[in-house]
file work.txt (compact mmCIF, C-alpha atoms)
# COMPACT_ATOMS: atom_id res chain seq x y z
CA MET A 22 11.55 -29.87 -24.04
CA VAL A 23 9.38 -31.22 -21.24
CA SER A 24 5.87 -31.56 -22.50
CA LEU A 25 2.68 -32.64 -20.85
CA ALA A 26 0.76 -32.87 -24.08
CA SER A 27 0.82 -35.51 -26.76
CA ASN A 28 2.55 -35.01 -30.12
CA THR A 29 -0.75 -34.29 -31.76
CA HIS A 30 -2.53 -30.97 -31.49
CA SER A 31 -4.26 -30.38 -28.20
CA GLY A 32 -8.00 -30.67 -27.91
CA GLY A 33 -8.50 -27.73 -25.63
CA PHE A 34 -6.26 -28.56 -22.72
CA PHE A 35 -3.15 -30.52 -21.81
CA GLY A 36 -3.45 -34.27 -21.79
CA PHE A 37 -6.07 -34.76 -24.53
CA SER A 38 -5.55 -34.82 -28.28
CA ASP A 39 -7.92 -34.23 -31.15
CA GLU A 40 -8.09 -37.95 -31.79
CA ARG A 41 -9.63 -38.49 -28.35
CA PRO A 42 -8.75 -42.19 -28.06
CA ILE A 43 -10.43 -42.36 -24.67
CA LEU A 44 -13.78 -41.65 -26.29
CA GLN A 45 -13.78 -44.55 -28.77
CA SER A 46 -17.17 -46.22 -28.57
CA SER A 47 -19.43 -48.36 -30.66
CA ASN A 48 -22.14 -45.77 -30.38
CA SER A 49 -21.27 -42.88 -32.68
CA ASP A 50 -24.08 -40.73 -31.29
CA ASP A 51 -22.59 -40.98 -27.79
CA ASP A 52 -19.17 -40.07 -29.14
CA GLU A 53 -20.51 -36.99 -30.90
CA LEU A 54 -22.43 -35.90 -27.80
CA ILE A 55 -19.40 -36.29 -25.55
CA ALA A 56 -17.06 -34.62 -28.06
CA ASP A 57 -19.38 -31.63 -28.38
CA HIS A 58 -19.55 -31.34 -24.61
CA ILE A 59 -15.75 -31.38 -24.32
CA GLN A 60 -15.47 -28.63 -26.92
CA LEU A 61 -17.91 -26.52 -24.92
CA VAL A 62 -16.23 -26.90 -21.54
CA ALA A 63 -12.62 -26.87 -22.76
CA GLY A 64 -10.90 -23.52 -22.68
CA PRO A 65 -7.74 -22.33 -24.43
CA GLU A 66 -4.54 -24.17 -23.57
CA VAL A 67 -2.47 -21.24 -22.40
CA SER A 68 -3.40 -17.66 -21.66
CA HIS A 69 -1.83 -14.75 -19.82
CA GLN A 70 -2.62 -14.57 -16.11
CA PRO A 71 -2.06 -11.07 -14.69
CA ILE A 72 -0.90 -10.64 -11.11
CA LYS A 73 -3.39 -8.72 -8.96
CA ALA A 74 -0.93 -6.81 -6.81
CA THR A 75 -1.08 -3.23 -8.12
CA TRP A 76 -3.59 -1.98 -5.56
CA ALA A 77 -1.56 -3.38 -2.66
CA ILE A 78 1.65 -1.73 -3.91
CA LEU A 79 -0.12 1.62 -4.29
CA LEU A 80 -1.58 1.27 -0.80
CA ILE A 81 1.89 0.66 0.67
CA LYS A 82 3.18 3.75 -1.13
CA LEU A 83 0.35 5.82 0.35
CA LEU A 84 1.11 4.43 3.80
CA TYR A 85 4.75 5.45 3.54
CA ILE A 86 3.82 8.92 2.34
CA ALA A 87 1.39 9.24 5.26
CA LEU A 88 4.07 7.98 7.67
CA CYS A 89 6.55 10.59 6.48
CA ALA A 90 3.94 13.33 6.71
CA SER A 91 2.89 12.27 10.21
CA ALA A 92 6.46 12.62 11.46
CA TYR A 93 6.23 16.36 10.68
CA ILE A 94 2.53 16.97 11.40
CA VAL A 95 2.28 15.26 14.79
CA PRO A 96 4.93 17.47 16.49
CA ILE A 97 3.06 20.58 15.31
CA PHE A 98 -0.39 19.62 16.62
CA CYS A 99 0.65 17.58 19.65
CA LYS A 100 2.98 19.89 21.57
CA ASP A 101 3.27 19.53 25.34
CA LYS A 102 1.21 16.33 25.40
CA GLN A 103 -1.87 18.01 23.95
CA CYS A 104 -2.79 14.66 22.34
CA GLY A 105 -2.27 12.67 25.53
CA GLU A 106 1.31 11.66 24.70
CA ASP A 107 4.42 13.49 23.60
CA SER A 108 4.96 13.82 19.84
CA ILE A 109 7.93 11.42 19.72
CA SER A 110 5.95 8.64 21.42
CA LEU A 111 3.02 9.16 19.05
CA THR A 112 5.36 9.01 16.05
CA LEU A 113 6.81 5.73 17.35
CA TYR A 114 3.31 4.32 17.92
CA ILE A 115 2.32 5.20 14.34
CA HIS A 116 5.54 3.71 13.02
CA GLY A 117 5.05 0.49 15.01
CA GLY A 118 1.39 0.21 14.02
CA MET A 119 2.34 0.48 10.37
CA TRP A 120 4.47 -2.66 10.77
CA PHE A 121 1.34 -4.78 11.32
CA VAL A 122 -0.37 -3.34 8.24
CA LEU A 123 2.72 -3.93 6.11
CA PHE A 124 2.96 -7.47 7.44
CA LEU A 125 -0.57 -8.28 6.22
CA LEU A 126 0.02 -6.64 2.84
CA ASP A 127 3.34 -8.46 2.46
CA ARG A 128 1.60 -11.80 3.12
CA TYR A 129 -0.98 -10.93 0.46
CA LEU A 130 1.71 -10.04 -2.07
CA GLN A 131 3.59 -13.23 -1.31
CA TYR A 132 0.40 -15.23 -1.86
CA ARG A 133 -0.13 -13.56 -5.25
CA HIS A 134 3.46 -14.17 -6.33
CA ASP A 135 3.35 -17.81 -5.23
CA GLU A 136 0.14 -18.18 -7.22
CA SER A 137 1.82 -16.61 -10.27
CA ARG A 138 4.81 -18.94 -9.91
CA LEU A 139 2.55 -22.00 -9.82
CA LEU A 140 0.90 -20.74 -13.00
CA GLY A 141 4.28 -20.98 -14.74
CA TYR A 142 5.77 -17.47 -14.42
CA LEU A 143 9.05 -18.61 -12.89
CA GLU A 144 11.32 -15.84 -14.19
CA PHE A 145 8.97 -13.05 -13.08
CA TYR A 146 8.82 -14.57 -9.60
CA ARG A 147 12.61 -14.54 -9.31
CA ARG A 148 12.90 -10.97 -10.66
CA THR A 149 10.43 -9.56 -8.12
CA LYS A 150 11.16 -11.83 -5.13
CA ASN A 151 13.67 -9.52 -3.44
CA VAL A 152 12.15 -6.15 -4.34
CA ARG A 153 8.77 -7.34 -3.01
CA ARG A 154 10.26 -7.97 0.42
CA LEU A 155 12.10 -4.64 0.68
CA PRO A 156 9.31 -2.33 1.98
CA PHE A 157 8.47 -4.65 4.88
CA LEU A 158 12.13 -5.33 5.67
CA ILE A 159 12.93 -1.60 5.58
CA ASN A 160 10.14 -0.85 8.04
CA SER A 161 11.23 -3.71 10.32
CA GLY A 162 14.83 -2.50 10.30
CA ALA A 163 13.74 1.09 10.88
CA ASN A 164 11.75 0.05 13.96
CA ALA A 165 14.87 -1.53 15.44
CA VAL A 166 17.03 1.50 14.57
CA LEU A 167 14.52 3.90 16.09
CA MET A 168 14.52 2.01 19.38
CA VAL A 169 18.31 2.27 19.59
CA VAL A 170 18.36 5.93 18.52
CA ILE A 171 15.75 6.86 21.12
CA LYS A 172 17.81 5.33 23.90
CA VAL A 173 20.94 7.11 22.66
CA LEU A 174 19.10 10.43 22.44
CA ASP A 175 17.66 10.00 25.93
CA SER A 176 21.21 9.60 27.21
CA HIS A 177 22.81 12.50 25.33
CA CYS A 178 20.05 15.08 25.06
CA THR A 179 18.61 17.46 27.62
CA LYS A 180 15.18 17.06 29.15
CA SER A 181 13.88 19.78 26.84
CA GLY A 182 14.86 17.64 23.83
CA HIS A 183 17.89 19.61 22.64
CA CYS A 184 20.85 17.54 21.43
CA LYS A 185 24.27 18.40 19.99
CA TYR A 186 23.23 19.26 16.44
CA LEU A 187 19.48 18.73 16.17
CA THR A 188 16.56 18.21 18.50
CA LYS A 189 15.23 14.76 19.34
CA THR A 190 12.21 15.36 17.14
CA GLU A 191 14.37 16.41 14.20
CA TYR A 192 16.51 13.28 14.51
CA ILE A 193 13.39 11.12 14.42
CA GLN A 194 12.06 13.06 11.42
CA LEU A 195 15.37 12.60 9.61
CA LEU A 196 15.40 8.84 10.17
CA VAL A 197 11.76 8.42 9.11
CA SER A 198 12.36 10.53 5.99
CA ILE A 199 15.36 8.40 4.96
CA GLU A 200 13.32 5.24 5.51
CA CYS A 201 10.41 6.53 3.43
CA VAL A 202 12.63 7.67 0.54
CA ILE A 203 14.35 4.27 0.31
CA ALA A 204 11.05 2.40 0.57
CA LEU A 205 9.33 4.58 -2.05
CA ILE A 206 12.20 4.01 -4.50
CA ALA A 207 11.92 0.24 -4.00
CA LEU A 208 8.15 0.41 -4.40
CA ALA A 209 8.49 2.42 -7.63
CA VAL A 210 10.76 -0.27 -9.09
CA TYR A 211 8.41 -3.02 -7.90
CA LEU A 212 5.33 -1.28 -9.28
CA ALA A 213 7.03 -0.71 -12.65
CA ARG A 214 7.90 -4.40 -12.98
CA VAL A 215 4.39 -5.52 -12.08
CA CYS A 216 2.74 -3.03 -14.45
CA LEU A 217 5.04 -3.99 -17.32
CA PHE A 218 4.30 -7.65 -16.67
CA ASN A 219 0.54 -7.04 -16.82
CA LEU A 220 0.81 -4.77 -19.88
CA ASN A 221 3.10 -7.07 -21.88
CA ARG A 222 0.79 -10.06 -21.15
CA PRO A 223 3.50 -12.73 -21.48
CA LEU A 224 2.65 -16.42 -21.60
CA PRO A 225 3.91 -18.70 -18.82
CA ASP A 226 7.63 -19.39 -19.01
CA VAL A 227 7.10 -23.16 -19.19
CA THR A 228 5.52 -22.79 -22.63
CA GLN A 229 8.67 -21.26 -24.11
CA GLU A 230 11.01 -23.69 -25.82
CA GLU A 231 14.18 -21.74 -25.18
CA LEU A 232 13.48 -21.40 -21.45
CA MET A 233 12.67 -25.05 -20.98
CA THR A 234 15.83 -26.18 -22.73
CA SER A 235 17.90 -23.80 -20.61
CA PHE A 236 16.77 -25.69 -17.54
CA VAL A 237 18.48 -28.88 -18.71
CA ASN A 238 21.50 -27.55 -20.61
CA SER A 239 24.72 -27.80 -18.64
CA HIS A 240 27.20 -24.96 -18.42
CA SER A 241 30.22 -25.32 -20.67
CA SER A 242 33.56 -23.67 -19.92
CA ALA A 243 36.83 -23.53 -21.76
CA ASP A 244 38.78 -24.01 -18.51
CA ILE A 245 39.05 -27.63 -17.41
CA GLY A 246 37.82 -28.12 -13.86
CA PHE A 247 36.17 -24.68 -13.71
CA ARG A 248 32.83 -24.48 -11.88
CA ASP A 249 30.60 -21.44 -11.90
CA GLU A 250 28.88 -21.79 -8.54
CA ASN A 251 26.48 -18.90 -9.20
CA TYR A 252 25.37 -20.48 -12.46
CA ILE A 253 24.85 -23.86 -10.77
CA ASP A 254 22.76 -22.24 -8.05
CA GLN A 255 20.64 -20.48 -10.65
CA VAL A 256 20.06 -23.69 -12.59
CA MET A 257 19.12 -25.56 -9.43
CA GLU A 258 16.71 -22.80 -8.44
CA LYS A 259 15.10 -22.84 -11.88
CA GLN A 260 14.79 -26.62 -11.80
CA ALA A 261 13.22 -26.49 -8.33
CA ASP A 262 10.68 -23.92 -9.54
CA LEU A 263 9.96 -26.02 -12.61
CA ILE A 264 9.46 -29.21 -10.56
CA ARG A 265 7.14 -27.35 -8.19
CA TYR A 266 5.13 -26.02 -11.12
CA LEU A 267 4.92 -29.41 -12.86
CA ARG A 268 3.78 -31.12 -9.68
CA GLN A 269 1.01 -28.58 -9.14
CA HIS A 270 0.05 -28.72 -12.82
CA THR A 271 -0.09 -32.52 -12.76
CA GLU A 272 -2.39 -32.44 -9.74
CA SER A 273 -4.63 -29.94 -11.50
CA LEU A 274 -4.77 -32.11 -14.62
CA ALA A 275 -5.61 -35.17 -12.53
CA ARG A 276 -8.54 -33.34 -10.94
CA ARG A 277 -9.78 -32.14 -14.33
CA ASN A 278 -9.40 -35.64 -15.77
CA LEU A 279 -11.44 -37.12 -12.91
CA ALA A 280 -14.17 -34.50 -13.24
CA LEU A 281 -14.32 -34.99 -17.01
CA SER A 282 -14.49 -38.77 -16.66
CA GLU A 283 -17.43 -38.43 -14.28
CA GLU A 284 -19.13 -36.01 -16.66
CA ILE A 285 -18.57 -38.38 -19.59
CA GLY A 286 -20.08 -41.25 -17.59
CA ARG A 287 -23.11 -39.13 -16.74
CA LEU A 288 -23.59 -38.09 -20.37
CA LYS A 289 -23.39 -41.70 -21.51
CA SER A 290 -25.97 -42.76 -18.93
CA VAL A 291 -28.33 -39.97 -19.96
CA SER A 292 -27.84 -40.83 -23.64
CA HIS A 293 -28.54 -44.54 -23.06
CA ILE A 294 -31.66 -43.76 -21.03
CA THR A 295 -32.91 -41.42 -23.74
CA THR A 296 -32.25 -44.04 -26.42
CA SER A 297 -34.10 -46.69 -24.40
CA ILE A 298 -37.11 -44.43 -23.89
CA ASN A 299 -37.23 -43.57 -27.59
CA GLY A 300 -36.99 -47.25 -28.42
CA HIS A 301 -39.97 -48.13 -26.26
CA LEU A 302 -41.99 -45.28 -27.73
call {"tool": "encode", "arguments": {"input": "work.txt", "output": "structure tokens"}}
result
Amino acid sequence: MVSLASNTHSGGFFGFSDERPILQSSNSDDDELIADHIQLVAGPEVSHQPIKATWAILLIKLLYIALCASAYIVPIFCKDKQCGEDSISLTLYIHGGMWFVLFLLDRYLQYRHDESRLLGYLEFYRRTKNVRRLPFLINSGANAVLMVVIKVLDSHCTKSGHCKYLTKTEYIQLLVSIECVIALIALAVYLARVCLFNLNRPLPDVTQEELMTSFVNSHSSADIGFRDENYIDQVMEKQADLIRYLRQHTESLARRNLALSEEIGRLKSVSHITTSINGHL
């Protein structure tokens, strides 16, 4: 297993042991002062880090519900350009405007998932990577489909809006309804996975022995010369995630080590000054 800690028990965080060899000094009072300070500032080694994405997912669900409702409400209250534009144009404007809102929310969700991955939740990131993208991709695809459908309807429908089977408005309502149903199903799956993750409070994947060893174990097969390309791709993806996490974690430890070294130096200086003053008194 890859380990960033020493073989001895950790002294509050990765990289330092209970023996604290870096703190060996001829002055036992300084050592005790510094050791007490480390115990105060050091937190637990590993703890669950929830992902703060629930509110954004619920907001996207509300937006899709509002979009579906608007496709039926706008034609009722905006007949004969009573709202300044025809109902189909207003529905398209609302649908296009929603794309920008979804884009911002999708960037936020991606930021939260990247943050969770760097904290060590590699498997959760992979399980939610595709379902997270679906609502925004569905809306983007629906915008393109609507543009094509509008042009087709303009060519095959009468000026009054009557087509072969349905009216132009009904075709638009049908397409928007299908889009919303698919998006809401994807959001329900996404929300369930996020809520279960936060409720189960799992520790980061990199702390689990069986997961770490699976990153380095090779795939064995009874057939000579057989290669499971999907398995190899999965292993390479896991190793890439692990390397990315370890690099970020190493940088974080280096910053903490530097800050702690400066704090230790300051405490030693204060202790020596205090000792000198007491000696003169």
call {"tool": "residues_around", "arguments": {"input": "work.txt", "residues": "region 125-131 of chain A", "least_positions_apart": "3", "cutoff": "8 Å", "atoms": "only C-alpha atoms", "output": "ChimeraX atom specification"}}
result
/A:74,77,81,121-122,134-135,153-154,157
call {"tool": "atom_distance", "arguments": {"input": "work.txt", "atom1": "CA of Pro71 (chain A)", "atom2": "CA of Arg148 (chain A)"}}
result
15.5 Å
call {"tool": "residues_around", "arguments": {"input": "work.txt", "residues": "Gly117 (chain A)", "least_positions_apart": "2", "cutoff": "12 Å", "atoms": "all atoms listed in the file", "output": "JSON list (two decimals) with C-alpha atoms, in the coordinates of the input"}}
result
[["chain", "number", "residue", "atom", "x", "y", "z"],
["A", 88, "LEU", "CA", 4.07, 7.98, 7.67],
["A", 110, "SER", "CA", 5.95, 8.64, 21.42],
["A", 111, "LEU", "CA", 3.02, 9.16, 19.05],
["A", 112, "THR", "CA", 5.36, 9.01, 16.05],
["A", 113, "LEU", "CA", 6.81, 5.73, 17.35],
["A", 114, "TYR", "CA", 3.31, 4.32, 17.92],
["A", 115, "ILE", "CA", 2.32, 5.20, 14.34],
["A", 119, "MET", "CA", 2.34, 0.48, 10.37],
["A", 120, "TRP", "CA", 4.47, -2.66, 10.77],
["A", 121, "PHE", "CA", 1.34, -4.78, 11.32],
["A", 122, "VAL", "CA", -0.37, -3.34, 8.24],
["A", 123, "LEU", "CA", 2.72, -3.93, 6.11],
["A", 124, "PHE", "CA", 2.96, -7.47, 7.44],
["A", 157, "PHE", "CA", 8.47, -4.65, 4.88],
["A", 160, "ASN", "CA", 10.14, -0.85, 8.04],
["A", 161, "SER", "CA", 11.23, -3.71, 10.32],
["A", 162, "GLY", "CA", 14.83, -2.50, 10.30],
["A", 163, "ALA", "CA", 13.74, 1.09, 10.88],
["A", 164, "ASN", "CA", 11.75, 0.05, 13.96],
["A", 165, "ALA", "CA", 14.87, -1.53, 15.44],
["A", 167, "LEU", "CA", 14.52, 3.90, 16.09],
["A", 168, "MET", "CA", 14.52, 2.01, 19.38],
["A", 197, "VAL", "CA", 11.76, 8.42, 9.11]]
call {"tool": "closest_residue", "arguments": {"input": "work.txt", "among": "A:Val169, A:Leu196, A:Leu174, A:Cys201", "to": "Ala87 (chain A)", "atoms": "all atoms listed in the file"}}
result
A:Cys201
call {"tool": "residues_around", "arguments": {"input": "work.txt", "residues": "Thr188 (chain A)", "least_positions_apart": "4", "cutoff": "12 Å", "atoms": "all atoms listed in the file", "output": "ChimeraX atom specification"}}
result
/A:96,109,171,174-175,177-184,192-195
call {"tool": "write_last_selection", "arguments": {"input": "work.txt", "atoms": "C-alpha atoms", "output": "CSV table (one decimal), in the frame of the given file"}}
result
chain,number,residue,atom,x,y,z
A,96,PRO,CA,4.9,17.5,16.5
A,109,ILE,CA,7.9,11.4,19.7
A,171,ILE,CA,15.8,6.9,21.1
A,174,LEU,CA,19.1,10.4,22.4
A,175,ASP,CA,17.7,10.0,25.9
A,177,HIS,CA,22.8,12.5,25.3
A,178,CYS,CA,20.0,15.1,25.1
A,179,THR,CA,18.6,17.5,27.6
A,180,LYS,CA,15.2,17.1,29.2
A,181,SER,CA,13.9,19.8,26.8
A,182,GLY,CA,14.9,17.6,23.8
A,183,HIS,CA,17.9,19.6,22.6
A,184,CYS,CA,20.8,17.5,21.4
A,192,TYR,CA,16.5,13.3,14.5
A,193,ILE,CA,13.4,11.1,14.4
A,194,GLN,CA,12.1,13.1,11.4
A,195,LEU,CA,15.4,12.6,9.6
call {"tool": "atom_distance", "arguments": {"input": "work.txt", "atom1": "CA of Cys99 (chain A)", "atom2": "CA of Leu80 (chain A)"}}
result
26.3 Å
call {"tool": "build_atoms", "arguments": {"input": "work.txt", "residues": "region 88-111 of chain A", "atoms": "N, CA and C atoms", "output": "PDB file, keeping the file's coordinate frame"}}
result
ATOM      1  N   LEU A  88       3.141   8.113   6.548  1.00  0.00           N
ATOM      2  CA  LEU A  88       4.070   7.980   7.670  1.00  0.00           C
ATOM      3  C   LEU A  88       5.064   9.134   7.699  1.00  0.00           C
ATOM      4  N   CYS A  89       5.600   9.484   6.550  1.00  0.00           N
ATOM      5  CA  CYS A  89       6.550  10.590   6.480  1.00  0.00           C
ATOM      6  C   CYS A  89       5.878  11.910   6.860  1.00  0.00           C
ATOM      7  N   ALA A  90       4.655  12.092   6.382  1.00  0.00           N
ATOM      8  CA  ALA A  90       3.940  13.330   6.710  1.00  0.00           C
ATOM      9  C   ALA A  90       3.612  13.409   8.193  1.00  0.00           C
ATOM     10  N   SER A  91       3.255  12.270   8.789  1.00  0.00           N
ATOM     11  CA  SER A  91       2.890  12.270  10.210  1.00  0.00           C
ATOM     12  C   SER A  91       4.071  12.641  11.099  1.00  0.00           C
ATOM     13  N   ALA A  92       5.287  12.286  10.658  1.00  0.00           N
ATOM     14  CA  ALA A  92       6.460  12.620  11.460  1.00  0.00           C
ATOM     15  C   ALA A  92       6.656  14.130  11.582  1.00  0.00           C
ATOM     16  N   TYR A  93       6.112  14.893  10.637  1.00  0.00           N
ATOM     17  CA  TYR A  93       6.230  16.360  10.680  1.00  0.00           C
ATOM     18  C   TYR A  93       4.952  17.022  11.201  1.00  0.00           C
ATOM     19  N   ILE A  94       3.803  16.361  10.991  1.00  0.00           N
ATOM     20  CA  ILE A  94       2.530  16.970  11.400  1.00  0.00           C
ATOM     21  C   ILE A  94       2.268  16.771  12.887  1.00  0.00           C
ATOM     22  N   VAL A  95       2.566  15.566  13.381  1.00  0.00           N
ATOM     23  CA  VAL A  95       2.280  15.260  14.790  1.00  0.00           C
ATOM     24  C   VAL A  95       2.984  16.217  15.742  1.00  0.00           C
ATOM     25  N   PRO A  96       4.281  16.530  15.558  1.00  0.00           N
ATOM     26  CA  PRO A  96       4.930  17.470  16.490  1.00  0.00           C
ATOM     27  C   PRO A  96       4.304  18.865  16.493  1.00  0.00           C
ATOM     28  N   ILE A  97       3.665  19.249  15.389  1.00  0.00           N
ATOM     29  CA  ILE A  97       3.060  20.580  15.310  1.00  0.00           C
ATOM     30  C   ILE A  97       1.772  20.645  16.112  1.00  0.00           C
ATOM     31  N   PHE A  98       0.932  19.590  15.987  1.00  0.00           N
ATOM     32  CA  PHE A  98      -0.390  19.620  16.620  1.00  0.00           C
ATOM     33  C   PHE A  98      -0.428  18.942  17.977  1.00  0.00           C
ATOM     34  N   CYS A  99       0.654  18.300  18.359  1.00  0.00           N
ATOM     35  CA  CYS A  99       0.650  17.580  19.650  1.00  0.00           C
ATOM     36  C   CYS A  99       1.789  18.050  20.544  1.00  0.00           C
ATOM     37  N   LYS A 100       1.941  19.336  20.684  1.00  0.00           N
ATOM     38  CA  LYS A 100       2.980  19.890  21.570  1.00  0.00           C
ATOM     39  C   LYS A 100       2.546  19.767  23.025  1.00  0.00           C
ATOM     40  N   ASP A 101       3.511  19.563  23.890  1.00  0.00           N
ATOM     41  CA  ASP A 101       3.270  19.530  25.340  1.00  0.00           C
ATOM     42  C   ASP A 101       2.150  18.560  25.716  1.00  0.00           C
ATOM     43  N   LYS A 102       2.169  17.410  25.091  1.00  0.00           N
ATOM     44  CA  LYS A 102       1.210  16.330  25.400  1.00  0.00           C
ATOM     45  C   LYS A 102      -0.248  16.752  25.220  1.00  0.00           C
ATOM     46  N   GLN A 103      -0.499  17.600  24.223  1.00  0.00           N
ATOM     47  CA  GLN A 103      -1.870  18.010  23.950  1.00  0.00           C
ATOM     48  C   GLN A 103      -2.714  16.836  23.427  1.00  0.00           C
ATOM     49  N   CYS A 104      -2.064  15.823  22.866  1.00  0.00           N
ATOM     50  CA  CYS A 104      -2.790  14.660  22.340  1.00  0.00           C
ATOM     51  C   CYS A 104      -2.742  13.485  23.314  1.00  0.00           C
ATOM     52  N   GLY A 105      -2.340  13.729  24.542  1.00  0.00           N
ATOM     53  CA  GLY A 105      -2.270  12.670  25.530  1.00  0.00           C
ATOM     54  C   GLY A 105      -0.893  12.060  25.678  1.00  0.00           C
ATOM     55  N   GLU A 106      -0.059  12.160  24.697  1.00  0.00           N
ATOM     56  CA  GLU A 106       1.310  11.660  24.700  1.00  0.00           C
ATOM     57  C   GLU A 106       2.206  12.687  24.024  1.00  0.00           C
ATOM     58  N   ASP A 107       3.509  12.581  24.294  1.00  0.00           N
ATOM     59  CA  ASP A 107       4.420  13.490  23.600  1.00  0.00           C
ATOM     60  C   ASP A 107       4.526  13.094  22.140  1.00  0.00           C
ATOM     61  N   SER A 108       4.970  14.034  21.298  1.00  0.00           N
ATOM     62  CA  SER A 108       4.960  13.820  19.840  1.00  0.00           C
ATOM     63  C   SER A 108       5.879  12.683  19.415  1.00  0.00           C
ATOM     64  N   ILE A 109       7.012  12.491  20.102  1.00  0.00           N
ATOM     65  CA  ILE A 109       7.930  11.420  19.720  1.00  0.00           C
ATOM     66  C   ILE A 109       7.298  10.060  19.987  1.00  0.00           C
ATOM     67  N   SER A 110       6.635   9.914  21.122  1.00  0.00           N
ATOM     68  CA  SER A 110       5.950   8.640  21.420  1.00  0.00           C
ATOM     69  C   SER A 110       4.866   8.353  20.407  1.00  0.00           C
ATOM     70  N   LEU A 111       4.079   9.364  20.037  1.00  0.00           N
ATOM     71  CA  LEU A 111       3.020   9.160  19.050  1.00  0.00           C
ATOM     72  C   LEU A 111       3.606   8.752  17.689  1.00  0.00           C
TER      73      LEU A 111
END
